[in-house]
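The data block below is final.cif; it holds mmCIF, C-alpha atoms; chains and numbers go by the auth columns.
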data_work
#
loop_
_atom_site.group_PDB
_atom_site.id
_atom_site.type_symbol
_atom_site.label_atom_id
_atom_site.label_comp_id
_atom_site.label_asym_id
_atom_site.label_seq_id
_atom_site.Cartn_x
_atom_site.Cartn_y
_atom_site.Cartn_z
_atom_site.B_iso_or_equiv
_atom_site.auth_seq_id
_atom_site.auth_asym_id
ATOM 1 C CA MET A 1 120.515 115.897 128.892 0.00 1 A
ATOM 2 C CA LYS A 2 123.178 117.037 126.397 0.00 2 A
ATOM 3 C CA LYS A 3 124.321 113.451 125.930 0.00 3 A
ATOM 4 C CA PHE A 4 120.747 112.404 125.167 0.00 4 A
ATOM 5 C CA LEU A 5 120.338 115.187 122.589 0.00 5 A
ATOM 6 C CA LYS A 6 123.655 114.315 120.918 0.00 6 A
ATOM 7 C CA THR A 7 122.639 110.646 120.751 0.00 7 A
ATOM 8 C CA LEU A 8 119.238 111.572 119.303 0.00 8 A
ATOM 9 C CA ILE A 9 120.806 113.828 116.648 0.00 9 A
ATOM 10 C CA LEU A 10 123.293 111.100 115.706 0.00 10 A
ATOM 11 C CA LEU A 11 120.481 108.556 115.384 0.00 11 A
ATOM 12 C CA ILE A 12 118.512 110.897 113.120 0.00 12 A
ATOM 13 C CA ILE A 13 121.557 111.533 110.935 0.00 13 A
ATOM 14 C CA PHE A 14 122.278 107.792 110.781 0.00 14 A
ATOM 15 C CA ALA A 15 118.693 107.030 109.780 0.00 15 A
ATOM 16 C CA ALA A 16 118.718 109.726 107.091 0.00 16 A
ATOM 17 C CA ALA A 17 122.065 108.642 105.662 0.00 17 A
ATOM 18 C CA PHE A 18 121.792 104.864 105.725 0.00 18 A
ATOM 19 C CA CYS A 19 118.212 103.751 106.208 0.00 19 A
ATOM 20 C CA LEU A 20 116.329 105.973 103.769 0.00 20 A
ATOM 21 C CA PRO A 21 116.757 105.077 100.074 0.00 21 A
ATOM 22 C CA SER A 22 118.511 107.640 97.955 0.00 22 A
ATOM 23 C CA TYR A 23 116.831 109.035 94.850 0.00 23 A
ATOM 24 C CA ALA A 24 119.503 107.610 92.516 0.00 24 A
ATOM 25 C CA GLY A 25 119.151 104.225 94.184 0.00 25 A
ATOM 26 C CA GLU A 26 115.403 104.314 93.599 0.00 26 A
ATOM 27 C CA LYS A 27 115.958 104.918 89.890 0.00 27 A
ATOM 28 C CA GLU A 28 118.332 101.946 89.661 0.00 28 A
ATOM 29 C CA THR A 29 115.865 99.856 91.601 0.00 29 A
ATOM 30 C CA CYS A 30 113.075 100.706 89.150 0.00 30 A
ATOM 31 C CA GLU A 31 115.313 99.798 86.226 0.00 31 A
ATOM 32 C CA GLU A 32 116.289 96.516 87.893 0.00 32 A
ATOM 33 C CA ILE A 33 112.692 95.664 88.714 0.00 33 A
ATOM 34 C CA TYR A 34 111.593 96.449 85.156 0.00 34 A
ATOM 35 C CA ASN A 35 114.372 94.294 83.675 0.00 35 A
ATOM 36 C CA LYS A 36 113.603 91.341 85.985 0.00 36 A
ATOM 37 C CA LEU A 37 109.921 91.208 85.094 0.00 37 A
ATOM 38 C CA GLU A 38 108.881 88.996 82.206 0.00 38 A
ATOM 39 C CA ASN A 39 105.872 89.045 79.920 0.00 39 A
ATOM 40 C CA ALA A 40 103.095 86.598 80.671 0.00 40 A
ATOM 41 C CA ASP A 41 103.692 83.247 78.997 0.00 41 A
ATOM 42 C CA PHE A 42 99.978 82.566 78.478 0.00 42 A
ATOM 43 C CA GLU A 43 96.938 84.075 76.780 0.00 43 A
ATOM 44 C CA TYR A 44 93.224 83.798 77.321 0.00 44 A
ATOM 45 C CA ILE A 45 91.251 82.083 74.570 0.00 45 A
ATOM 46 C CA PHE A 46 89.329 84.748 72.635 0.00 46 A
ATOM 47 C CA GLY A 47 90.370 87.207 75.380 0.00 47 A
ATOM 48 C CA ILE A 48 87.785 85.800 77.784 0.00 48 A
ATOM 49 C CA ASP A 49 88.645 85.751 81.480 0.00 49 A
ATOM 50 C CA PRO A 50 87.271 82.404 82.774 0.00 50 A
ATOM 51 C CA TYR A 51 86.387 83.854 86.213 0.00 51 A
ATOM 52 C CA GLN A 52 84.615 86.960 84.922 0.00 52 A
ATOM 53 C CA ALA A 53 81.098 85.454 84.876 0.00 53 A
ATOM 54 C CA GLU A 54 81.519 84.226 88.456 0.00 54 A
ATOM 55 C CA ASP A 55 82.641 87.675 89.618 0.00 55 A
ATOM 56 C CA TYR A 56 79.727 89.436 87.956 0.00 56 A
ATOM 57 C CA THR A 57 77.166 87.080 89.534 0.00 57 A
ATOM 58 C CA LYS A 58 78.802 87.260 92.978 0.00 58 A
ATOM 59 C CA TYR A 59 78.720 91.065 93.289 0.00 59 A
ATOM 60 C CA MET A 60 75.981 93.689 92.869 0.00 60 A
ATOM 61 C CA TYR A 61 77.854 95.432 90.046 0.00 61 A
ATOM 62 C CA SER A 62 81.222 95.277 88.308 0.00 62 A
ATOM 63 C CA PRO A 63 83.722 94.632 91.085 0.00 63 A
ATOM 64 C CA TYR A 64 86.753 96.015 89.254 0.00 64 A
ATOM 65 C CA PRO A 65 87.924 99.617 88.873 0.00 65 A
ATOM 66 C CA LEU A 66 87.877 101.510 85.603 0.00 66 A
ATOM 67 C CA PHE A 67 91.257 103.071 84.766 0.00 67 A
ATOM 68 C CA ARG A 68 91.652 105.866 82.245 0.00 68 A
ATOM 69 C CA VAL A 69 95.066 105.776 80.596 0.00 69 A
ATOM 70 C CA GLY A 70 95.914 109.227 79.202 0.00 70 A
ATOM 71 C CA VAL A 71 99.440 108.496 77.921 0.00 71 A
ATOM 72 C CA PRO A 72 100.990 105.341 76.449 0.00 72 A
ATOM 73 C CA PHE A 73 102.283 102.889 79.061 0.00 73 A
ATOM 74 C CA ILE A 74 105.062 100.604 77.826 0.00 74 A
ATOM 75 C CA PHE A 75 105.945 97.249 79.321 0.00 75 A
ATOM 76 C CA LYS A 76 108.615 95.373 77.345 0.00 76 A
ATOM 77 C CA ASP A 77 107.016 94.873 73.897 0.00 77 A
ATOM 78 C CA ILE A 78 103.483 95.796 75.044 0.00 78 A
ATOM 79 C CA GLU A 79 102.213 99.323 74.529 0.00 79 A
ATOM 80 C CA ILE A 80 99.028 100.172 76.384 0.00 80 A
ATOM 81 C CA LYS A 81 97.399 102.904 74.347 0.00 81 A
ATOM 82 C CA PRO A 82 95.333 105.718 75.891 0.00 82 A
ATOM 83 C CA GLY A 83 91.797 104.649 76.678 0.00 83 A
ATOM 84 C CA TYR A 84 89.583 103.131 79.350 0.00 84 A
ATOM 85 C CA TYR A 85 90.468 99.758 80.880 0.00 85 A
ATOM 86 C CA ILE A 86 88.996 97.601 83.613 0.00 86 A
ATOM 87 C CA LEU A 87 91.802 96.346 85.867 0.00 87 A
ATOM 88 C CA THR A 88 91.429 92.807 87.184 0.00 88 A
ATOM 89 C CA PRO A 89 94.036 91.171 89.450 0.00 89 A
ATOM 90 C CA ARG A 90 94.518 87.429 88.899 0.00 90 A
ATOM 91 C CA LYS A 91 96.920 84.708 90.070 0.00 91 A
ATOM 92 C CA LYS A 92 98.276 82.090 87.701 0.00 92 A
ATOM 93 C CA ASP A 93 100.978 79.507 88.414 0.00 93 A
ATOM 94 C CA GLY A 94 101.978 81.248 91.645 0.00 94 A
ATOM 95 C CA ARG A 95 102.487 84.653 89.979 0.00 95 A
ATOM 96 C CA THR A 96 100.200 87.655 90.129 0.00 96 A
ATOM 97 C CA TYR A 97 99.063 89.565 87.048 0.00 97 A
ATOM 98 C CA VAL A 98 96.741 92.464 86.360 0.00 98 A
ATOM 99 C CA LEU A 99 94.476 92.066 83.350 0.00 99 A
ATOM 100 C CA PHE A 100 93.696 95.195 81.359 0.00 100 A
ATOM 101 C CA LYS A 101 90.254 94.572 79.869 0.00 101 A
ATOM 102 C CA GLU A 102 88.526 96.539 77.165 0.00 102 A
ATOM 103 C CA GLN A 103 84.845 95.899 76.439 0.00 103 A
ATOM 104 C CA GLY A 104 84.946 92.736 78.548 0.00 104 A
ATOM 105 C CA ARG A 105 87.903 91.182 76.704 0.00 105 A
ATOM 106 C CA VAL A 106 91.435 90.792 78.059 0.00 106 A
ATOM 107 C CA LYS A 107 93.605 93.177 76.076 0.00 107 A
ATOM 108 C CA TYR A 108 96.883 93.117 78.056 0.00 108 A
ATOM 109 C CA ILE A 109 98.358 90.936 80.811 0.00 109 A
ATOM 110 C CA ILE A 110 100.871 92.801 83.005 0.00 110 A
ATOM 111 C CA PRO A 111 102.926 91.122 85.770 0.00 111 A
ATOM 112 C CA VAL A 112 102.881 92.489 89.308 0.00 112 A
ATOM 113 C CA TYR A 113 106.274 92.931 90.951 0.00 113 A
ATOM 114 C CA GLU A 114 105.019 93.286 94.524 0.00 114 A
ATOM 115 C CA THR A 115 101.852 92.807 96.526 0.00 115 A
ATOM 116 C CA ASP A 116 101.136 94.279 99.920 0.00 116 A
ATOM 117 C CA LEU A 117 98.267 94.683 102.359 0.00 117 A
ATOM 118 C CA VAL A 118 96.156 97.836 102.350 0.00 118 A
ATOM 119 C CA ASP A 119 95.954 99.790 105.587 0.00 119 A
ATOM 120 C CA PRO A 120 92.472 99.063 107.042 0.00 120 A
ATOM 121 C CA LEU A 121 91.734 102.799 107.364 0.00 121 A
ATOM 122 C CA PHE A 122 93.001 103.721 103.885 0.00 122 A
ATOM 123 C CA TYR A 123 89.639 103.744 102.073 0.00 123 A
ATOM 124 C CA ASP A 124 87.961 105.721 104.859 0.00 124 A
ATOM 125 C CA GLN A 125 90.689 108.385 104.701 0.00 125 A
ATOM 126 C CA TYR A 126 91.169 108.768 100.943 0.00 126 A
ATOM 127 C CA ILE A 127 87.867 107.814 99.318 0.00 127 A
ATOM 128 C CA PRO A 128 85.030 110.126 100.341 0.00 128 A
ATOM 129 C CA GLU A 129 81.643 108.566 100.953 0.00 129 A
ATOM 130 C CA LYS A 130 78.762 110.006 98.958 0.00 130 A
ATOM 131 C CA LYS A 131 76.057 111.514 101.126 0.00 131 A
ATOM 132 C CA LYS A 132 72.814 109.657 100.582 0.00 132 A
ATOM 133 C CA GLY A 133 69.603 111.532 99.975 0.00 133 A
ATOM 134 C CA PHE A 134 66.253 110.790 101.533 0.00 134 A
ATOM 135 C CA TRP A 135 65.078 108.393 98.801 0.00 135 A
ATOM 136 C CA GLU A 136 68.442 106.595 98.620 0.00 136 A
ATOM 137 C CA ARG A 137 68.325 105.903 102.363 0.00 137 A
ATOM 138 C CA ARG A 138 64.723 104.631 102.089 0.00 138 A
ATOM 139 C CA ARG A 139 65.580 102.411 99.105 0.00 139 A
ATOM 140 C CA GLU A 140 68.621 100.968 100.914 0.00 140 A
ATOM 141 C CA GLY A 141 66.566 100.355 104.063 0.00 141 A
ATOM 142 C CA ALA A 142 63.867 98.550 102.081 0.00 142 A
ATOM 143 C CA SER A 143 66.482 96.501 100.247 0.00 143 A
ATOM 144 C CA ASN A 144 68.141 95.501 103.529 0.00 144 A
ATOM 145 C CA PHE A 145 64.771 94.562 105.023 0.00 145 A
ATOM 146 C CA ILE A 146 63.860 92.376 102.037 0.00 146 A
ATOM 147 C CA GLY A 147 67.370 90.900 102.094 0.00 147 A
ATOM 148 C CA ARG A 148 66.866 89.723 105.684 0.00 148 A
ATOM 149 C CA LEU A 149 63.724 87.809 104.657 0.00 149 A
ATOM 150 C CA PHE A 150 65.595 85.567 102.194 0.00 150 A
ATOM 151 C CA PRO A 151 68.581 83.255 102.683 0.00 151 A
ATOM 152 C CA LYS A 152 72.031 84.852 102.541 0.00 152 A
ATOM 153 C CA LYS A 153 73.190 82.708 99.614 0.00 153 A
ATOM 154 C CA THR A 154 70.770 84.456 97.233 0.00 154 A
ATOM 155 C CA GLN A 155 72.066 87.941 98.042 0.00 155 A
ATOM 156 C CA ARG A 156 74.820 89.619 96.087 0.00 156 A
ATOM 157 C CA MET A 157 77.675 91.227 97.949 0.00 157 A
ATOM 158 C CA PRO A 158 78.821 94.814 97.489 0.00 158 A
ATOM 159 C CA ALA A 159 81.953 95.089 95.358 0.00 159 A
ATOM 160 C CA PRO A 160 85.308 95.483 97.133 0.00 160 A
ATOM 161 C CA LYS A 161 86.590 99.033 97.402 0.00 161 A
ATOM 162 C CA ALA A 162 89.280 100.020 94.913 0.00 162 A
ATOM 163 C CA TYR A 163 91.687 102.884 94.276 0.00 163 A
ATOM 164 C CA ILE A 164 94.406 103.480 91.663 0.00 164 A
ATOM 165 C CA GLU A 165 97.566 105.506 92.221 0.00 165 A
ATOM 166 C CA VAL A 166 100.026 106.451 89.454 0.00 166 A
ATOM 167 C CA ASN A 167 103.501 107.780 90.310 0.00 167 A
ATOM 168 C CA ASP A 168 105.903 109.366 87.837 0.00 168 A
ATOM 169 C CA ILE A 169 109.423 108.236 88.735 0.00 169 A
ATOM 170 C CA ASP A 170 112.139 110.514 87.350 0.00 170 A
ATOM 171 C CA ARG A 171 110.271 110.921 84.026 0.00 171 A
ATOM 172 C CA GLU A 172 111.430 107.437 83.006 0.00 172 A
ATOM 173 C CA PHE A 173 108.954 105.103 84.692 0.00 173 A
ATOM 174 C CA TYR A 174 105.336 105.017 85.806 0.00 174 A
ATOM 175 C CA GLN A 175 104.524 103.069 88.925 0.00 175 A
ATOM 176 C CA VAL A 176 100.874 102.018 89.036 0.00 176 A
ATOM 177 C CA ILE A 177 99.513 100.830 92.372 0.00 177 A
ATOM 178 C CA LEU A 178 96.141 99.109 92.271 0.00 178 A
ATOM 179 C CA TYR A 179 94.403 99.032 95.652 0.00 179 A
ATOM 180 C CA TYR A 180 91.763 96.319 95.469 0.00 180 A
ATOM 181 C CA GLY A 181 89.986 95.091 98.577 0.00 181 A
ATOM 182 C CA THR A 182 92.678 94.232 101.106 0.00 182 A
ATOM 183 C CA GLN A 183 95.575 93.956 98.617 0.00 183 A
ATOM 184 C CA LYS A 184 97.871 96.411 96.811 0.00 184 A
ATOM 185 C CA TYR A 185 99.317 95.403 93.433 0.00 185 A
ATOM 186 C CA TYR A 186 102.422 97.200 92.158 0.00 186 A
ATOM 187 C CA MET A 187 103.152 97.473 88.414 0.00 187 A
ATOM 188 C CA ILE A 188 105.894 99.364 86.600 0.00 188 A
ATOM 189 C CA PHE A 189 105.902 100.809 83.071 0.00 189 A
ATOM 190 C CA LYS A 190 108.394 102.732 80.969 0.00 190 A
ATOM 191 C CA GLN A 191 107.595 106.161 79.637 0.00 191 A
ATOM 192 C CA ARG A 192 107.985 106.955 75.999 0.00 192 A
#

What would the structure in this file look like if it were written as structure tokens?
Amino acid sequence: MKKFLKTLILLIIFAAAFCLPSYAGEKETCEEIYNKLENADFEYIFGIDPYQAEDYTKYMYSPYPLFRVGVPFIFKDIEIKPGYYILTPRKKDGRTYVLFKEQGRVKYIIPVYETDLVDPLFYDQYIPEKKKGFWERRREGASNFIGRLFPKKTQRMPAPKAYIEVNDIDREFYQVILYYGTQKYYMIFKQR
């Protein structure tokens, strides 16, 4: 039994010392990631996203989250000023970008340094569902009943669930994680 406990303690110490990233290493990693990323080498004509009309006809309402920026976010020579932006993930030439839109026009194009899958239970755990009142339940029931009478192709889908997380890393960087549907998009910005 003592041998088992000693082995367990040694494994825990080994994991803490070698497997977990150190705080200083994380800072260097953020700096390296930021330096490796490059600005987008393209623009949208008149700031119009070519897939926007398709998205708005496919879903019941705007499928993208609204993000309120309270402090300036800096990426290379781009400064995202405080305000409200609609975040839209897009792929172009094998790379992933997040479009910051203002009043329907693409204002900034920020590269994503990592994508990942969202845990299937994430939205259920962290985004509370609004309790529906009597009339909301009746309206939804009637809408579902009418929807069953017509072909599926004429119905609009509900928008994918979304969530935005912002992490302050050592008062030098902001890490913005956009959860959108089944994907997570990681972006990094410098602080002023």

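The residues returned by the PyMOL selection byres ((chain A and resi 177) around 10) for this structure are Val112, Glu114, Thr115, Tyr163, Ile164, Glu165, Val166, Asn167, Tyr174, Gln175, Val176, Leu178, Tyr179, Tyr180, Lys184, Tyr185, Tyr186, Met187 and Ile188 of chain A.
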
For this structure, which residues satisfy the selection - the PyMOL selection byres ((chain A and resi 58) around 9) - when it is evaluated on the file as given? I want them as a ChimeraX atom specification.
/A:53-57,59-61,155-159

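Between Gln191 (chain A) and the residues A:Ala162, A:Arg68, A:Phe73, A:Ala40, the shortest atom-to-atom distance, using only C-alpha atoms, involves A:Phe73.
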
Which residues fall under the PyMOL selection byres ((chain A and resi 84) around 9) in this file, as a VMD selection string? chain A and resid 66 to 70 82 to 83 85 to 86 101 to 102

My list of candidates is A:Glu136, A:Glu38, A:Asp119, A:Glu129. Which is closest to Asp77 (chain A) when distances are computed with all atoms listed in the file?
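For Asp77 (chain A), the nearest of the candidates is A:Glu38.
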
Using the incomplete input, complete region 86-97 of chain A to the level of all heavy atoms; output as a CSV table (one decimal), in the coordinates of the input.
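result.csv, written as the output of this step:
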chain,number,residue,atom,x,y,z
A,86,ILE,N,89.4,98.2,82.3
A,86,ILE,CA,89.0,97.6,83.6
A,86,ILE,C,90.2,96.8,84.1
A,86,ILE,O,90.7,95.9,83.4
A,86,ILE,CB,87.7,96.7,83.5
A,86,ILE,CG1,86.5,97.6,83.1
A,86,ILE,CG2,87.5,96.0,84.8
A,86,ILE,CD1,85.3,96.8,82.8
A,87,LEU,N,90.7,97.1,85.3
A,87,LEU,CA,91.8,96.3,85.9
A,87,LEU,C,91.3,95.2,86.7
A,87,LEU,O,90.5,95.4,87.6
A,87,LEU,CB,92.7,97.3,86.7
A,87,LEU,CG,93.2,98.5,86.0
A,87,LEU,CD1,94.2,99.3,86.9
A,87,LEU,CD2,94.0,98.1,84.7
A,88,THR,N,91.8,94.0,86.5
A,88,THR,CA,91.4,92.8,87.2
A,88,THR,C,92.7,92.0,87.7
A,88,THR,O,93.4,91.5,86.8
A,88,THR,CB,90.6,91.9,86.2
A,88,THR,OG1,89.6,92.7,85.7
A,88,THR,CG2,90.0,90.7,87.0
A,89,PRO,N,92.9,92.0,89.0
A,89,PRO,CA,94.0,91.2,89.4
A,89,PRO,C,93.7,89.7,89.4
A,89,PRO,O,92.6,89.3,89.8
A,89,PRO,CB,94.2,91.7,90.9
A,89,PRO,CG,93.0,92.3,91.3
A,89,PRO,CD,92.3,92.7,90.0
A,90,ARG,N,94.7,88.9,89.0
A,90,ARG,CA,94.5,87.4,88.9
A,90,ARG,C,95.8,86.7,89.2
A,90,ARG,O,96.9,87.3,89.0
A,90,ARG,CB,94.1,87.0,87.5
A,90,ARG,CG,92.8,87.4,87.0
A,90,ARG,CD,91.7,86.5,87.6
A,90,ARG,NE,90.4,86.8,87.1
A,90,ARG,CZ,89.4,87.2,87.8
A,90,ARG,NH1,89.5,87.3,89.1
A,90,ARG,NH2,88.2,87.5,87.2
A,91,LYS,N,95.7,85.5,89.8
A,91,LYS,CA,96.9,84.7,90.1
A,91,LYS,C,96.9,83.5,89.1
A,91,LYS,O,95.9,83.0,88.8
A,91,LYS,CB,96.9,84.2,91.5
A,91,LYS,CG,97.3,85.2,92.5
A,91,LYS,CD,97.5,84.6,93.8
A,91,LYS,CE,98.0,85.7,94.8
A,91,LYS,NZ,98.7,85.2,95.9
A,92,LYS,N,98.1,83.2,88.6
A,92,LYS,CA,98.3,82.1,87.7
A,92,LYS,C,99.7,81.5,87.9
A,92,LYS,O,100.7,82.2,87.8
A,92,LYS,CB,98.1,82.5,86.2
A,92,LYS,CG,98.3,81.4,85.3
A,92,LYS,CD,97.3,81.5,84.2
A,92,LYS,CE,97.6,80.5,83.1
A,92,LYS,NZ,96.8,79.3,83.1
A,93,ASP,N,99.7,80.2,88.2
A,93,ASP,CA,101.0,79.5,88.4
A,93,ASP,C,101.8,80.2,89.5
A,93,ASP,O,103.1,80.3,89.3
A,93,ASP,CB,101.8,79.4,87.1
A,93,ASP,CG,101.0,78.6,86.0
A,93,ASP,OD1,100.2,77.7,86.4
A,93,ASP,OD2,101.2,78.9,84.8
A,94,GLY,N,101.2,80.7,90.5
A,94,GLY,CA,102.0,81.2,91.6
A,94,GLY,C,102.4,82.7,91.4
A,94,GLY,O,103.1,83.3,92.3
A,95,ARG,N,102.1,83.3,90.3
A,95,ARG,CA,102.5,84.7,90.0
A,95,ARG,C,101.2,85.5,89.9
A,95,ARG,O,100.2,85.0,89.5
A,95,ARG,CB,103.3,84.7,88.7
A,95,ARG,CG,104.6,84.0,88.8
A,95,ARG,CD,105.5,84.2,87.6
A,95,ARG,NE,105.8,85.6,87.5
A,95,ARG,CZ,106.3,86.0,86.3
A,95,ARG,NH1,106.5,85.3,85.3
A,95,ARG,NH2,106.6,87.3,86.2
A,96,THR,N,101.3,86.8,90.2
A,96,THR,CA,100.2,87.7,90.1
A,96,THR,C,100.3,88.6,88.9
A,96,THR,O,101.3,89.1,88.6
A,96,THR,CB,100.2,88.5,91.4
A,96,THR,OG1,100.2,87.6,92.5
A,96,THR,CG2,98.9,89.3,91.5
A,97,TYR,N,99.2,88.7,88.2
A,97,TYR,CA,99.1,89.6,87.0
A,97,TYR,C,97.9,90.5,87.2
A,97,TYR,O,96.9,90.2,87.9
A,97,TYR,CB,98.9,88.7,85.8
A,97,TYR,CG,100.0,87.8,85.5
A,97,TYR,CD1,100.0,86.5,86.0
A,97,TYR,CD2,101.1,88.2,84.8
A,97,TYR,CE1,101.0,85.6,85.7
A,97,TYR,CE2,102.1,87.3,84.5
A,97,TYR,CZ,102.1,86.0,85.0
A,97,TYR,OH,103.1,85.2,84.8
